[in-house]
>>> print(open('query_33.pdb').read())   # PDB, C-alpha atoms, pLDDT in the B column
ATOM      1  CA  MET Q  11       7.909  15.422   1.755  1.00 85.00           C
ATOM      2  CA  VAL Q  12       9.160  12.938  -0.858  1.00 90.00           C
ATOM      3  CA  THR Q  13      12.722  14.171  -0.363  1.00 91.00           C
ATOM      4  CA  ALA Q  14      12.461  13.692   3.404  1.00 91.00           C
ATOM      5  CA  VAL Q  15      11.136  10.139   3.068  1.00 92.00           C
ATOM      6  CA  ARG Q  16      13.826   9.157   0.585  1.00 90.00           C
ATOM      7  CA  ARG Q  17      16.523  10.660   2.809  1.00 91.00           C
ATOM      8  CA  GLN Q  18      15.290   8.733   5.854  1.00 93.00           C
ATOM      9  CA  LEU Q  19      15.133   5.456   3.943  1.00 91.00           C
ATOM     10  CA  SER Q  20      18.634   5.969   2.606  1.00 90.00           C
ATOM     11  CA  ALA Q  21      19.951   6.740   6.092  1.00 93.00           C
ATOM     12  CA  ALA Q  22      18.310   3.551   7.367  1.00 95.00           C
ATOM     13  CA  GLY Q  23      20.000   1.502   4.650  1.00 93.00           C
ATOM     14  CA  ALA Q  24      16.678   0.463   3.113  1.00 93.00           C
ATOM     15  CA  HIS Q  25      16.411  -0.480  -0.547  1.00 89.00           C
ATOM     16  CA  GLY Q  26      13.440  -0.454  -2.915  1.00 84.00           C
ATOM     17  CA  PRO Q  27      11.367  -1.020  -4.747  1.00 92.00           C
ATOM     18  CA  TYR Q  28       8.856  -0.194  -2.020  1.00 94.00           C
ATOM     19  CA  ARG Q  29       5.167  -0.950  -1.836  1.00 92.00           C
ATOM     20  CA  VAL Q  30       3.698   2.185  -0.318  1.00 94.00           C
ATOM     21  CA  LEU Q  31       0.464   2.572   1.636  1.00 96.00           C
ATOM     22  CA  ALA Q  32      -0.505   6.190   2.200  1.00 97.00           C
ATOM     23  CA  MET Q  33      -3.607   8.152   3.132  1.00 98.00           C
ATOM     24  CA  SER Q  34      -4.973  11.537   2.109  1.00 96.00           C
ATOM     25  CA  LEU Q  35      -2.095  14.054   1.710  1.00 95.00           C
ATOM     26  CA  GLY Q  36       0.368  11.197   2.191  1.00 95.00           C
ATOM     27  CA  ALA Q  37      -1.164   9.483  -0.829  1.00 96.00           C
ATOM     28  CA  MET Q  38      -0.459  12.578  -2.908  1.00 96.00           C
ATOM     29  CA  ALA Q  39       3.183  12.455  -1.796  1.00 96.00           C
ATOM     30  CA  ALA Q  40       3.336   8.734  -2.601  1.00 97.00           C
ATOM     31  CA  THR Q  41       1.958   9.407  -6.071  1.00 97.00           C
ATOM     32  CA  GLU Q  42       4.574  12.089  -6.652  1.00 96.00           C
ATOM     33  CA  TRP Q  43       7.301   9.717  -5.460  1.00 97.00           C
ATOM     34  CA  ALA Q  44       6.149   6.966  -7.830  1.00 96.00           C
ATOM     35  CA  SER Q  45       6.077   9.443 -10.695  1.00 96.00           C
ATOM     36  CA  ALA Q  46       9.454  11.056 -10.027  1.00 95.00           C
ATOM     37  CA  TYR Q  47      11.319   7.846  -9.112  1.00 95.00           C
ATOM     38  CA  PRO Q  48       9.414   4.967 -10.734  1.00 95.00           C
ATOM     39  CA  GLU Q  49      12.244   2.516 -10.112  1.00 96.00           C
ATOM     40  CA  GLU Q  50      11.834   3.028  -6.346  1.00 95.00           C
ATOM     41  CA  VAL Q  51       8.106   2.329  -6.018  1.00 95.00           C
ATOM     42  CA  GLY Q  52       6.756  -1.108  -6.866  1.00 93.00           C
ATOM     43  CA  GLY Q  53       3.145  -0.555  -5.842  1.00 93.00           C
ATOM     44  CA  LEU Q  54       0.755   1.978  -4.327  1.00 95.00           C
ATOM     45  CA  VAL Q  55      -2.201   1.616  -1.985  1.00 96.00           C
ATOM     46  CA  LEU Q  56      -3.860   5.029  -1.726  1.00 97.00           C
ATOM     47  CA  VAL Q  57      -6.515   5.611   0.938  1.00 98.00           C
ATOM     48  CA  ASN Q  58      -9.187   8.334   0.727  1.00 98.00           C
ATOM     49  CA  THR Q  59      -7.139  10.720  -1.348  1.00 98.00           C
ATOM     50  CA  SER Q  60      -7.960  13.418  -3.881  1.00 97.00           C
ATOM     51  CA  MET Q  61      -6.012  15.177  -6.592  1.00 97.00           C
ATOM     52  CA  ARG Q  62      -6.442  17.772  -9.252  1.00 95.00           C
ATOM     53  CA  PRO Q  63      -7.527  17.538 -12.042  1.00 96.00           C
ATOM     54  CA  PHE Q  64      -9.790  14.594 -11.174  1.00 96.00           C
ATOM     55  CA  CYS Q  65     -11.939  16.322  -8.538  1.00 95.00           C
ATOM     56  CA  THR Q  66     -13.426  19.719  -7.770  1.00 96.00           C
ATOM     57  CA  PRO Q  67     -12.358  21.745  -4.705  1.00 95.00           C
ATOM     58  CA  ALA Q  68     -15.709  21.019  -3.041  1.00 96.00           C
ATOM     59  CA  GLN Q  69     -15.208  17.291  -3.575  1.00 97.00           C
ATOM     60  CA  ARG Q  70     -11.643  17.388  -2.279  1.00 96.00           C
ATOM     61  CA  LEU Q  71     -12.659  19.133   0.950  1.00 95.00           C
ATOM     62  CA  ARG Q  72     -16.381  19.104   1.667  1.00 96.00           C
ATOM     63  CA  PRO Q  73     -17.628  22.694   2.229  1.00 96.00           C
ATOM     64  CA  ARG Q  74     -19.430  21.801   5.468  1.00 96.00           C
ATOM     65  CA  ASN Q  75     -15.992  21.315   7.052  1.00 96.00           C
ATOM     66  CA  TRP Q  76     -14.463  24.632   6.032  1.00 95.00           C
ATOM     67  CA  GLY Q  77     -15.830  26.504   9.050  1.00 96.00           C
ATOM     68  CA  LYS Q  78     -14.951  23.664  11.428  1.00 97.00           C
ATOM     69  CA  LEU Q  79     -11.349  23.597  10.234  1.00 95.00           C
ATOM     70  CA  LEU Q  80     -11.120  27.381  10.516  1.00 95.00           C
ATOM     71  CA  ARG Q  81     -12.265  27.139  14.143  1.00 97.00           C
ATOM     72  CA  VAL Q  82      -9.673  24.415  14.761  1.00 96.00           C
ATOM     73  CA  ALA Q  83      -7.003  26.806  13.482  1.00 95.00           C
ATOM     74  CA  GLN Q  84      -8.356  29.588  15.707  1.00 96.00           C
ATOM     75  CA  HIS Q  85      -8.309  27.339  18.805  1.00 96.00           C
ATOM     76  CA  TRP Q  86      -5.063  25.518  17.992  1.00 96.00           C
ATOM     77  CA  GLN Q  87      -3.775  25.558  21.576  1.00 95.00           C
ATOM     78  CA  ASP Q  88      -6.963  23.913  22.877  1.00 96.00           C
ATOM     79  CA  ARG Q  89      -5.905  20.405  21.917  1.00 96.00           C
ATOM     80  CA  ALA Q  90      -8.960  18.692  23.410  1.00 96.00           C
ATOM     81  CA  TYR Q  91     -11.255  20.849  21.252  1.00 97.00           C
ATOM     82  CA  CYS Q  92      -9.113  20.342  18.146  1.00 97.00           C
ATOM     83  CA  GLU Q  93      -8.814  16.578  18.531  1.00 97.00           C
ATOM     84  CA  ARG Q  94     -12.538  16.155  19.207  1.00 98.00           C
ATOM     85  CA  THR Q  95     -13.415  18.228  16.152  1.00 98.00           C
ATOM     86  CA  ILE Q  96     -11.011  16.317  13.921  1.00 98.00           C
ATOM     87  CA  HIS Q  97     -12.308  13.016  15.296  1.00 98.00           C
ATOM     88  CA  ALA Q  98     -15.885  14.019  14.495  1.00 98.00           C
ATOM     89  CA  ILE Q  99     -14.909  14.923  10.935  1.00 98.00           C
ATOM     90  CA  THR Q 100     -12.675  11.941  10.158  1.00 98.00           C
ATOM     91  CA  CYS Q 101     -13.857   8.963  12.230  1.00 98.00           C
ATOM     92  CA  ALA Q 102     -17.097   6.994  11.966  1.00 98.00           C
ATOM     93  CA  ARG Q 103     -16.338   4.802  14.985  1.00 97.00           C
ATOM     94  CA  THR Q 104     -17.005   6.506  18.300  1.00 96.00           C
ATOM     95  CA  ASP Q 105     -16.719   3.559  20.702  1.00 97.00           C
ATOM     96  CA  THR Q 106     -13.064   4.444  21.307  1.00 96.00           C
ATOM     97  CA  LEU Q 107     -13.593   8.217  21.386  1.00 97.00           C
ATOM     98  CA  ALA Q 108     -12.303   8.911  24.897  1.00 97.00           C
ATOM     99  CA  ARG Q 109      -9.211   6.757  24.418  1.00 97.00           C
ATOM    100  CA  ASP Q 110      -8.580   8.239  20.972  1.00 98.00           C
ATOM    101  CA  ILE Q 111      -8.701  11.819  22.256  1.00 97.00           C
ATOM    102  CA  GLU Q 112      -6.383  10.973  25.133  1.00 97.00           C
ATOM    103  CA  THR Q 113      -3.929   9.247  22.772  1.00 97.00           C
ATOM    104  CA  TRP Q 114      -4.049  12.019  20.175  1.00 97.00           C
ATOM    105  CA  GLN Q 115      -3.449  14.684  22.824  1.00 96.00           C
ATOM    106  CA  ALA Q 116      -0.445  12.736  24.093  1.00 97.00           C
ATOM    107  CA  ILE Q 117       0.943  12.501  20.554  1.00 96.00           C
ATOM    108  CA  ALA Q 118       0.407  16.241  20.048  1.00 95.00           C
ATOM    109  CA  ALA Q 119       2.259  16.954  23.283  1.00 95.00           C
ATOM    110  CA  ASP Q 120       5.132  14.628  22.409  1.00 96.00           C
ATOM    111  CA  ALA Q 121       5.461  15.708  18.767  1.00 95.00           C
ATOM    112  CA  PRO Q 122       3.710  19.076  18.454  1.00 94.00           C
ATOM    113  CA  VAL Q 123       2.655  20.413  15.063  1.00 94.00           C
ATOM    114  CA  SER Q 124       2.426  24.177  14.738  1.00 94.00           C
ATOM    115  CA  ARG Q 125      -0.663  25.877  13.373  1.00 93.00           C
ATOM    116  CA  GLN Q 126       1.511  27.238  10.550  1.00 94.00           C
ATOM    117  CA  SER Q 127       2.679  23.736   9.622  1.00 94.00           C
ATOM    118  CA  ALA Q 128      -0.866  22.356   9.654  1.00 93.00           C
ATOM    119  CA  LEU Q 129      -2.095  25.170   7.412  1.00 93.00           C
ATOM    120  CA  ALA Q 130       0.876  24.617   5.089  1.00 93.00           C
ATOM    121  CA  GLN Q 131      -0.129  20.968   4.761  1.00 91.00           C
ATOM    122  CA  LEU Q 132      -3.699  21.937   3.879  1.00 90.00           C
ATOM    123  CA  LEU Q 133      -2.396  24.392   1.288  1.00 92.00           C
ATOM    124  CA  ALA Q 134      -0.044  21.782  -0.183  1.00 92.00           C
ATOM    125  CA  ALA Q 135      -2.920  19.334  -0.493  1.00 92.00           C
ATOM    126  CA  ALA Q 136      -5.146  21.939  -2.150  1.00 92.00           C
ATOM    127  CA  ARG Q 137      -2.454  22.852  -4.680  1.00 93.00           C
ATOM    128  CA  TYR Q 138      -1.373  19.327  -5.553  1.00 94.00           C
ATOM    129  CA  ARG Q 139      -1.915  18.263  -9.151  1.00 94.00           C
ATOM    130  CA  ALA Q 140      -1.357  14.673 -10.209  1.00 94.00           C
ATOM    131  CA  PRO Q 141       1.263  13.948 -12.879  1.00 91.00           C
ATOM    132  CA  ALA Q 142       0.007  13.886 -16.458  1.00 88.00           C
ATOM    133  CA  SER Q 143       0.346  10.107 -16.687  1.00 92.00           C
ATOM    134  CA  ALA Q 144      -0.599   7.393 -14.217  1.00 95.00           C
ATOM    135  CA  PRO Q 145       2.110   5.794 -12.086  1.00 95.00           C
ATOM    136  CA  SER Q 146       3.828   2.917 -13.872  1.00 94.00           C
ATOM    137  CA  CYS Q 147       3.471   0.616 -10.848  1.00 94.00           C
ATOM    138  CA  PRO Q 148       0.276  -1.214  -9.845  1.00 93.00           C
ATOM    139  CA  ALA Q 149      -2.075   0.950  -7.786  1.00 95.00           C
ATOM    140  CA  LEU Q 150      -5.018   0.176  -5.534  1.00 96.00           C
ATOM    141  CA  LEU Q 151      -7.430   2.927  -4.491  1.00 97.00           C
ATOM    142  CA  LEU Q 152      -9.371   2.521  -1.248  1.00 98.00           C
ATOM    143  CA  ALA Q 153     -12.337   4.765  -0.480  1.00 99.00           C
ATOM    144  CA  SER Q 154     -14.721   5.137   2.450  1.00 99.00           C
ATOM    145  CA  ALA Q 155     -18.333   5.634   1.414  1.00 98.00           C
ATOM    146  CA  ALA Q 156     -19.057   7.534   4.648  1.00 98.00           C
ATOM    147  CA  ASP Q 157     -16.042   9.865   4.365  1.00 98.00           C
ATOM    148  CA  ARG Q 158     -17.203  13.231   5.748  1.00 98.00           C
ATOM    149  CA  LEU Q 159     -13.994  15.059   4.812  1.00 98.00           C
ATOM    150  CA  VAL Q 160     -13.306  14.016   1.199  1.00 98.00           C
ATOM    151  CA  ASN Q 161     -15.945  12.879  -1.270  1.00 98.00           C
ATOM    152  CA  PRO Q 162     -15.231   9.222  -2.171  1.00 98.00           C
ATOM    153  CA  VAL Q 163     -15.922  10.070  -5.806  1.00 98.00           C
ATOM    154  CA  CYS Q 164     -12.358  11.437  -5.829  1.00 98.00           C
ATOM    155  CA  SER Q 165     -10.843   7.973  -5.387  1.00 98.00           C
ATOM    156  CA  ALA Q 166     -13.262   6.570  -7.956  1.00 98.00           C
ATOM    157  CA  ARG Q 167     -12.237   9.135 -10.560  1.00 97.00           C
ATOM    158  CA  ILE Q 168      -8.529   8.580  -9.939  1.00 97.00           C
ATOM    159  CA  ALA Q 169      -9.015   4.823 -10.262  1.00 97.00           C
ATOM    160  CA  GLN Q 170     -10.930   5.305 -13.501  1.00 96.00           C
ATOM    161  CA  ALA Q 171      -8.310   7.653 -14.965  1.00 96.00           C
ATOM    162  CA  TRP Q 172      -5.476   5.293 -14.048  1.00 96.00           C
ATOM    163  CA  ASP Q 173      -7.346   2.080 -14.892  1.00 95.00           C
ATOM    164  CA  ALA Q 174      -6.634   0.997 -11.310  1.00 95.00           C
ATOM    165  CA  GLN Q 175      -8.580  -1.184  -8.904  1.00 94.00           C
ATOM    166  CA  LEU Q 176     -10.964   0.533  -6.481  1.00 96.00           C
ATOM    167  CA  LEU Q 177     -12.334  -0.977  -3.272  1.00 97.00           C
ATOM    168  CA  THR Q 178     -14.943   0.849  -1.205  1.00 98.00           C
ATOM    169  CA  HIS Q 179     -15.630   0.441   2.500  1.00 99.00           C
ATOM    170  CA  HIS Q 180     -19.305   1.029   3.114  1.00 98.00           C
ATOM    171  CA  TRP Q 181     -19.413   2.623   6.584  1.00 98.00           C
ATOM    172  CA  ALA Q 182     -15.926   3.878   7.522  1.00 99.00           C
ATOM    173  CA  GLY Q 183     -14.995   7.536   7.629  1.00 98.00           C
ATOM    174  CA  HIS Q 184     -11.951   9.333   6.252  1.00 98.00           C
ATOM    175  CA  ASP Q 185      -9.666   7.705   8.827  1.00 98.00           C
ATOM    176  CA  LEU Q 186     -10.163   4.195   7.482  1.00 99.00           C
ATOM    177  CA  PRO Q 187      -7.177   2.751   9.409  1.00 98.00           C
ATOM    178  CA  HIS Q 188      -8.854   3.903  12.627  1.00 98.00           C
ATOM    179  CA  ASP Q 189     -12.367   2.762  11.785  1.00 99.00           C
ATOM    180  CA  ASP Q 190     -11.726  -0.711  10.363  1.00 98.00           C
ATOM    181  CA  PRO Q 191      -8.048  -1.731  10.452  1.00 98.00           C
ATOM    182  CA  GLN Q 192      -8.838  -5.393   9.727  1.00 98.00           C
ATOM    183  CA  TRP Q 193     -10.669  -4.533   6.509  1.00 98.00           C
ATOM    184  CA  LEU Q 194      -7.737  -2.359   5.479  1.00 97.00           C
ATOM    185  CA  CYS Q 195      -5.232  -5.131   6.212  1.00 95.00           C
ATOM    186  CA  ASN Q 196      -7.272  -7.631   4.208  1.00 95.00           C
ATOM    187  CA  ALA Q 197      -7.505  -5.234   1.257  1.00 95.00           C
ATOM    188  CA  VAL Q 198      -3.765  -4.565   1.308  1.00 93.00           C
ATOM    189  CA  ALA Q 199      -2.890  -8.246   1.685  1.00 90.00           C
ATOM    190  CA  GLY Q 200      -5.042  -9.118  -1.293  1.00 87.00           C
ATOM    191  CA  SER Q 201      -3.402  -6.404  -3.359  1.00 82.00           C
ATOM    192  CA  VAL Q 202       0.147  -7.446  -2.436  1.00 68.00           C
ATOM    193  CA  ILE Q 203      -0.591 -11.112  -3.130  1.00 47.00           C
ATOM    194  CA  LEU Q 204      -2.044 -10.220  -6.527  1.00 57.00           C
ATOM    195  CA  THR Q 205       0.953  -8.049  -7.398  1.00 59.00           C
ATOM    196  CA  LEU Q 206       3.435 -10.731  -6.354  1.00 56.00           C
ATOM    197  CA  SER Q 207       1.586 -13.400  -8.318  1.00 45.00           C
ATOM    198  CA  LEU Q 208       1.757 -11.265 -11.445  1.00 52.00           C
ATOM    199  CA  GLY Q 209       5.397 -10.342 -11.112  1.00 51.00           C
TER     200      GLY Q 209
END
>>> encode(input="query_33.pdb", output="structure tokens")
Amino acid sequence: MVTAVRRQLSAAGAHGPYRVLAMSLGAMAATEWASAYPEEVGGLVLVNTSMRPFCTPAQRLRPRNWGKLLRVAQHWQDRAYCERTIHAITCARTDTLARDIETWQAIAADAPVSRQSALAQLLAAARYRAPASAPSCPALLLASAADRLVNPVCSARIAQAWDAQLLTHHWAGHDLPHDDPQWLCNAVAGSVILTLSLG
């Protein structure tokens, strides 16, 4: 994943250092990028992520979701069922449910993800272990207190281990950008301003 991102940025003529916002599995990839190529990453904002060795398997993926995700895999071609199940697990806001499902189904039709690829992503997330030392760039951890997929204690433990700032949203679910995008933007803006003022 890191290799693919770096290749795309290079092809686009972009130049770092980059300030990277990433969520969940993407945050693991961003952490790996910052560790492997510290000169390329100037800051990290990591949303509702989890990593070994900071969290237990049950904290990284709450057991009550294991059966639901298995049924999603079994009914992979029934996109309405899959998207509704994922929405219920990851989103606290339901006022946009019908529009969300319609949009997500359209995305799945336009850029389909195979069941094998989705399972590979879950396996990659489960296997990921954070580097031995914290990233050298500033990092901000964002957690949702009402996350039904990943226990927010994971973000808290990463922040503690890295001596990084942690901000917690009190009602959003795992998909924080969906549930409260304005809060997320404000948190990121504050982090970027702080980083720029220090450097």
>>> closest_residue(input="query_33.pdb", among="Q:Ala155, Q:Cys147, Q:Ala128, Q:Leu177", to="Arg29 of chain Q", atoms="only C-alpha atoms")
Q:Cys147
>>> closest_atom_pairs(input="query_33.pdb", of="segment 22-141 of chain Q", to="segment 158-174 of chain Q", cutoff="12 Å", atoms="only C-alpha atoms", output="JSON lines")
{"residue": "Q:Met33", "atom": "CA", "partner": "Q:Ser165", "partner_atom": "CA", "distance": 11.2}
{"residue": "Q:Ser34", "atom": "CA", "partner": "Q:Val160", "partner_atom": "CA", "distance": 8.7}
{"residue": "Q:Leu35", "atom": "CA", "partner": "Q:Val160", "partner_atom": "CA", "distance": 11.2}
{"residue": "Q:Ala37", "atom": "CA", "partner": "Q:Ser165", "partner_atom": "CA", "distance": 10.8}
{"residue": "Q:Met38", "atom": "CA", "partner": "Q:Ile168", "partner_atom": "CA", "distance": 11.4}
{"residue": "Q:Thr41", "atom": "CA", "partner": "Q:Ile168", "partner_atom": "CA", "distance": 11.2}
{"residue": "Q:Gly53", "atom": "CA", "partner": "Q:Ala174", "partner_atom": "CA", "distance": 11.3}
{"residue": "Q:Leu54", "atom": "CA", "partner": "Q:Ala174", "partner_atom": "CA", "distance": 10.2}
{"residue": "Q:Val55", "atom": "CA", "partner": "Q:Ala174", "partner_atom": "CA", "distance": 10.3}
{"residue": "Q:Leu56", "atom": "CA", "partner": "Q:Ser165", "partner_atom": "CA", "distance": 8.4}
{"residue": "Q:Val57", "atom": "CA", "partner": "Q:Ser165", "partner_atom": "CA", "distance": 8.0}
{"residue": "Q:Asn58", "atom": "CA", "partner": "Q:Ser165", "partner_atom": "CA", "distance": 6.3}
{"residue": "Q:Thr59", "atom": "CA", "partner": "Q:Ser165", "partner_atom": "CA", "distance": 6.1}
{"residue": "Q:Ser60", "atom": "CA", "partner": "Q:Cys164", "partner_atom": "CA", "distance": 5.2}
{"residue": "Q:Met61", "atom": "CA", "partner": "Q:Cys164", "partner_atom": "CA", "distance": 7.4}
{"residue": "Q:Arg62", "atom": "CA", "partner": "Q:Cys164", "partner_atom": "CA", "distance": 9.3}
{"residue": "Q:Pro63", "atom": "CA", "partner": "Q:Ile168", "partner_atom": "CA", "distance": 9.3}
{"residue": "Q:Phe64", "atom": "CA", "partner": "Q:Arg167", "partner_atom": "CA", "distance": 6.0}
{"residue": "Q:Cys65", "atom": "CA", "partner": "Q:Cys164", "partner_atom": "CA", "distance": 5.6}
{"residue": "Q:Thr66", "atom": "CA", "partner": "Q:Cys164", "partner_atom": "CA", "distance": 8.6}
{"residue": "Q:Pro67", "atom": "CA", "partner": "Q:Val160", "partner_atom": "CA", "distance": 9.8}
{"residue": "Q:Ala68", "atom": "CA", "partner": "Q:Asn161", "partner_atom": "CA", "distance": 8.3}
{"residue": "Q:Gln69", "atom": "CA", "partner": "Q:Asn161", "partner_atom": "CA", "distance": 5.0}
{"residue": "Q:Arg70", "atom": "CA", "partner": "Q:Val160", "partner_atom": "CA", "distance": 5.1}
{"residue": "Q:Leu71", "atom": "CA", "partner": "Q:Val160", "partner_atom": "CA", "distance": 5.2}
{"residue": "Q:Arg72", "atom": "CA", "partner": "Q:Leu159", "partner_atom": "CA", "distance": 5.7}
{"residue": "Q:Pro73", "atom": "CA", "partner": "Q:Leu159", "partner_atom": "CA", "distance": 8.8}
{"residue": "Q:Arg74", "atom": "CA", "partner": "Q:Leu159", "partner_atom": "CA", "distance": 8.7}
{"residue": "Q:Asn75", "atom": "CA", "partner": "Q:Leu159", "partner_atom": "CA", "distance": 6.9}
{"residue": "Q:Trp76", "atom": "CA", "partner": "Q:Leu159", "partner_atom": "CA", "distance": 9.7}
{"residue": "Q:Lys78", "atom": "CA", "partner": "Q:Leu159", "partner_atom": "CA", "distance": 10.9}
{"residue": "Q:Leu79", "atom": "CA", "partner": "Q:Leu159", "partner_atom": "CA", "distance": 10.5}
{"residue": "Q:Thr95", "atom": "CA", "partner": "Q:Leu159", "partner_atom": "CA", "distance": 11.8}
{"residue": "Q:Ile96", "atom": "CA", "partner": "Q:Leu159", "partner_atom": "CA", "distance": 9.7}
{"residue": "Q:His97", "atom": "CA", "partner": "Q:Arg158", "partner_atom": "CA", "distance": 10.7}
{"residue": "Q:Ala98", "atom": "CA", "partner": "Q:Arg158", "partner_atom": "CA", "distance": 8.9}
{"residue": "Q:Ile99", "atom": "CA", "partner": "Q:Arg158", "partner_atom": "CA", "distance": 5.9}
{"residue": "Q:Thr100", "atom": "CA", "partner": "Q:Leu159", "partner_atom": "CA", "distance": 6.3}
{"residue": "Q:Cys101", "atom": "CA", "partner": "Q:Arg158", "partner_atom": "CA", "distance": 8.5}
{"residue": "Q:Ala102", "atom": "CA", "partner": "Q:Arg158", "partner_atom": "CA", "distance": 8.8}
{"residue": "Q:Ala135", "atom": "CA", "partner": "Q:Val160", "partner_atom": "CA", "distance": 11.8}
{"residue": "Q:Ala136", "atom": "CA", "partner": "Q:Val160", "partner_atom": "CA", "distance": 11.9}
{"residue": "Q:Arg139", "atom": "CA", "partner": "Q:Ile168", "partner_atom": "CA", "distance": 11.8}
{"residue": "Q:Ala140", "atom": "CA", "partner": "Q:Ile168", "partner_atom": "CA", "distance": 9.4}
{"residue": "Q:Pro141", "atom": "CA", "partner": "Q:Trp172", "partner_atom": "CA", "distance": 11.0}
>>> atom_distance(input="query_33.pdb", atom1="atom CA of Arg103 of chain Q", atom2="atom CA of Tyr138 of chain Q")
29.3 Å
>>> closest_residue(input="query_33.pdb", among="Q:Ala156, Q:Gln87, Q:Asp189, Q:Ala121", to="Leu107 of chain Q", atoms="only C-alpha atoms")
Q:Asp189
>>> axis_aligned_box(input="query_33.pdb", around="segment 104-112 of chain Q", padding_each_side="3 Å", output="lines of an AutoDock Vina configuration file")
center_x = -11.7
center_y = 7.7
center_z = 21.7
size_x = 16.6
size_y = 14.3
size_z = 12.8
>>> atom_distance(input="query_33.pdb", atom1="atom CA of Asp185 of chain Q", atom2="atom CA of Thr113 of chain Q")
15.2 Å
>>> atom_distance(input="query_33.pdb", atom1="atom CA of His180 of chain Q", atom2="atom CA of Ser154 of chain Q")
6.2 Å
>>> resolve_selection(input="query_33.pdb", expression="the PyMOL selection byres ((chain Q and resi 93) around 10)", output="ChimeraX atom specification")
/Q:82,86,88-92,94-99,110-115,118
>>> residues_around(input="query_33.pdb", residues="Val51 of chain Q", least_positions_apart="6", cutoff="6 Å", atoms="all atoms listed in the file", output="VMD selection string")
chain Q and resid 27 to 28 44
>>> closest_residue(input="query_33.pdb", among="Q:Ser127, Q:Thr13, Q:Thr178, Q:Gln84", to="Trp193 of chain Q", atoms="all atoms listed in the file")
Q:Thr178
>>> closest_residue(input="query_33.pdb", among="Q:Ser201, Q:Thr106, Q:Pro48, Q:Ala83", to="Leu129 of chain Q", atoms="all atoms listed in the file")
Q:Ala83
>>> residues_around(input="query_33.pdb", residues="Val15 of chain Q", least_positions_apart="5", cutoff="10 Å", atoms="all atoms listed in the file", output="list in words")
Ser20, Ala21, Ala39, Ala40 and Trp43 of chain Q
>>> closest_residue(input="query_33.pdb", among="Q:Val12, Q:Ala144, Q:Ala182, Q:Ile117", to="Glu50 of chain Q", atoms="all atoms listed in the file")
Q:Val12
>>> closest_residue(input="query_33.pdb", among="Q:Pro191, Q:Gly23, Q:Gly183, Q:Pro145", to="Ser45 of chain Q", atoms="only C-alpha atoms")
Q:Pro145
